[in-house]
Structures are given as structure tokens and as C-alpha cells.
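Engineer: Dropping the structure in here first, questions after.
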Amino acid sequence: MHILDAQQTAAALPYSRLVPALAQAAQEFADGRITAPERQVVPIDANSVLLSMPAVSADLSVTKLITVHGDNAKHGLPAIQGEVIVFETQTGRRIALLHGPTVTARRTAAMTLLGIQTLAPAKPTSALLIGTGVQAAAHADALVEFFGVTQFWIVARDVARMQAFCSELSTRHAERGIVASPLAADAMQKDVPATDVLIALTTSRTAVIPARLAPHTLAIGVGAFKPDMVEFPAALLAERTIVVDDLGGAKHEAGDLIQAGVDWSRVRAIGDILAGRGEKLQPSQGLPVFKTVGQASWDLAAARVARDSLQS
């Protein structure tokens with residue numbers, strides 16, 4: 001069994017192969033060819049939980065085990081730790097042990113890339129990111145590597161972190177001439193820059209995405225993953241078509257949609273859209289909004305890419 005650390009896991013999951021693998025897995029999950037129950041959440045203590053996320057397909061299966069310890073900063077340890085166990089479905093033979101947080105960061109960013117590829121009318125050249133955490137960094141890198149995005153606006157309440165994020169992003173991709181500009185959160189609510197993609201990556205309990213966006217701007221919500229969290233305003237959800245990565249998971253976890261009381265019959269899964277099921281989207285009426293909550297099937301997609309990388 002191959003045991004990969006964070007750097008090796010990232011190297012085994014290039015976005016150029018991860019995005020099409022996710023497209024395949026999304027259609028397989030929508031068709032029932034991947035079995036992936038909702039994540040199991042087991043409390044450890046008041047600030048800690050164990051998360052278990054299994055997924056089984058004909059060729060490969062995974063189980064992701066993640067622990068979240070809210071008080072780990074005082075121990076000098078990351079709050080989120082974990083691994084993805086990859087094994088052959090028919091034999092149970094263990095193939096790999098992948099670094100869990102790296103798999104999560106990259107497959108989450110890759111699902112956003114797939115959403116853009118599927119729902120946007122053209123390849124984006126600019127992006128506005130709300131947030132400066134691990135997922136924001138992963139998304140920025142993914143947008144640069146996969147689409148060649150060079151213009152970024154970064155929004156956060158912490159001015160120092162926002163400026164540091166912009167500087168680090170520009171330095172990381174210095175050879176590409178990245179322009180990363182900080183933008184105050186209150187300023188964005190008044191005047192949103194003309195951007196192709198707007199992505200929220202926060203744990204906010206109040207809407208951080210403006211209610212009024214240009215019709216050509218694709219808005220994506222990634223961070224609000226609990227019923228009490230909100231990134232999308234109800235007004236924007238009411239006027240745009242809503243697409244999610246996992247319909248079942250969204251009904252329990254997408255706080256934006258739950259609190260807005262959306263009509264779930266008009267919420268569409270990206271796997272169905274990729275498979276050509278349902279009405280064709282009409283971009284002329286304004287681009288859809290895309291909400292992701294994560295799914296073990298996406299870890300399975302990443303495991304397939306890692307398996308192929310190890311065999312090549």
C-alpha cells in the first residue's frame with residue numbers, strides 16, 4: 001500500500017485529470033452506480049468530531065476519516081486531520097493511504113472548476129474570492145492552474161490577512177503575472193467588480209454574496225456547510241436557477257438554501273446536467289448559482305486519479 005503525505009497527495013491529483021474524474025463520478029453518483037451514504041458525524045467532545053465518509057463503486061472504493069479538534073491550536077496541531085483509505089472493490093486490497101485534508105481541498109476546488117466549466121459560457125479570466133482560508137488558497141491555485149485566471153479580487157474582514165493573502169498569491173504564481181487586489185467587504189456590497197466568477201469560502205452566518213450581481217457573473221458558494229451557515233442571500237437564490245453538487249446532502253447541509261426555504265423541485269444536481277437530463281439551462285436569463293456541500297463520491301474520484309498516477 002502506498003502511503004502519501006500532503007505534498008505527494010497533491011502531486012498525484014493534478015486538476016487537469018481531477019476535473020474530468022469528478023465529471024464522471026458525478027454522473028455515476030446521479031445514476032446510482034456509486035453508493036455513498038451521508039457522512040457519519042460522531043461527537044468526540046464539545047469542540048471535536050469524527051467524520052466518516054465511505055463510497056463504493058464497481059472498480060474502487062474509499063473511506064475518508066477526518067477528525068476536527070477545535071482546540072488544537074493550543075497543542076500546535078491542525079484542527080483538521082485525516083486520511084483517505086483507497087482499496088479495490090472486488091478484493092478489498094488496500095492500494096493507498098492519501099492525506100485527507102489535501103484530498104478534500106483539491107477535490108472541493110476541482111468541483112468548483114467543474115461547475116464553472118459546465119455552467120459558465122466561457123473560460124473565466126477573473127475571479128473574486130470571499131475568504132482567505134485553506135479553501136480560498138486551494139481555489140485560487142486551481143483557477144490559475146486550470147483556467148489561467150490572472151485577475152483576482154480578495155475579500156475578507158481581516159485587512160491584514162487579506163493583504164497577506166494577495167501578496168502570497170502573487171508571489172506563488174509570479175511567473176504568470178497574477179494581479180491580486182484586496183477589497184473591503186463593505187465596499188463589495190456597494191459595488192461589485194465586473195468579474196466572471198464570484199466564490200464564497202467562509203463559515204459566515206449571514207450572507208456575504210451580494211444580492212445583486214451582473215447576469216454574466218457565476219456565483220458559487222463553497223464554505224457554508226451547516227444548516228446555520230449562510231453565504232447566498234435569499235433574493236439571489238430566488239431569481240437564479242440553483243445547481244448543487246449533491247442534492248441529498250444539500251437538503252441537510254446547505255444552510256443558504258435551507259434558510260431561504262427554496263423549492264427543492266427547482267434545484268438541480270450537476271450530475272444530471274452533465275448527463276443531459278432535465279431542461280437545458282438558459283444563460284440569457286442570468287447564470288445559475290452553484291452550491292457545493294461535498295460528497296464521498298468526490299473523494300472516490302480523487303482516489304481514481306491517485307491510483308492512476310501511482311500506476312503510471
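Here, A, B, ... name the chains of the C-alpha cells in the order displayed, residue numbers run from 1 inside each chain, and ligands are numbered from 1 in the same displayed order.
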Which residues of stretch 202-226 of chain A sit at most 9 Å from stretch 123-138 of chain A, using only C-alpha atoms? Give each one's shortest atom pair and distance in Å (one decimal place), in chain and ascending residue order, as CSV.

Structural biologist:
```
residue,atom,partner,partner_atom,distance
A:Thr202,CA,A:Gly131,CA,5.6
A:Val208,CA,A:Ile130,CA,7.7
A:Ile209,CA,A:Ile130,CA,8.2
A:Val222,CA,A:Gln135,CA,8.6
A:Gly223,CA,A:Gln135,CA,8.2
```

Engineer: Counting only C-alpha atoms, what is within 8 Å of stretch 1-4 of chain A, bar same-chain residues fewer than 6 positions away, as JSON, numbers by chain?

Structural biologist: {"A": [94, 95, 96, 97, 98, 99]}

Engineer: For atom CA of A:Met111 and atom CA of A:Val192, determine how far apart the two atoms are, in Å to one decimal place.

Structural biologist: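 These two atoms are separated by 24.2 Å.
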
Engineer: Give the answer as one residue: which of A:Tyr15, A:Ile242, A:Thr63, A:Leu213 has the shortest atom-to-atom distance to A:Val144, using only C-alpha atoms?

Structural biologist: A:Tyr15

Engineer: Could you give me, as a list in words, the residues within 10 Å of A:Gln24, counting only C-alpha atoms and dropping anything in the same chain fewer than 5 positions from it?

Structural biologist: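 So the residues in contact are Leu18, Val19, Phe29, Gly271, Leu274, Ala275, Trp298 and Ala301 of chain A.
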
Engineer: For the residues selected in the previous step, produce a file with N, CA and C atoms as a compact mmCIF listing (two decimals), in the first residue's frame.

Structural biologist:
```txt
# COMPACT_ATOMS: atom_id res chain seq x y z
N LEU A 18 -8.24 15.64 -12.45
CA LEU A 18 -9.22 15.56 -11.37
C LEU A 18 -10.59 16.07 -11.82
N VAL A 19 -10.63 17.12 -12.62
CA VAL A 19 -11.91 17.68 -13.06
C VAL A 19 -12.69 16.67 -13.90
N PHE A 29 -22.75 8.85 -9.70
CA PHE A 29 -23.50 9.00 -8.45
C PHE A 29 -24.96 9.30 -8.75
N GLY A 271 -24.66 16.42 -11.67
CA GLY A 271 -24.55 15.14 -12.36
C GLY A 271 -25.65 14.95 -13.39
N LEU A 274 -24.83 17.20 -16.40
CA LEU A 274 -23.77 16.60 -17.22
C LEU A 274 -24.29 15.44 -18.05
N ALA A 275 -25.27 14.73 -17.49
CA ALA A 275 -25.84 13.58 -18.20
C ALA A 275 -26.92 13.99 -19.20
N TRP A 298 -16.83 12.31 -4.44
CA TRP A 298 -15.77 13.17 -4.97
C TRP A 298 -14.41 12.70 -4.46
N ALA A 301 -13.52 9.88 -6.73
CA ALA A 301 -12.97 10.38 -7.99
C ALA A 301 -11.49 10.71 -7.82
```

Engineer: Could you tell me which of A:Gly177, A:Gly276, A:Pro43, A:Pro54 comes closest to A:His69 if we count only C-alpha atoms?

Structural biologist: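 Smallest separation from A:His69 among the options: A:Pro43.
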
Engineer: As a ChimeraX atom specification, please: the residues near A:Ala23 (cut-off 12 Å, only C-alpha atoms, same-chain neighbours under 4 positions excluded).

Structural biologist: /A:16-19,27-30,107,110-118,245,269-275,297-298,300-302

Engineer: How far is it from atom CA of A:Gln163 to atom CA of A:His139, in Å with one decimal?

Structural biologist: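 The value is 17.0 Å.
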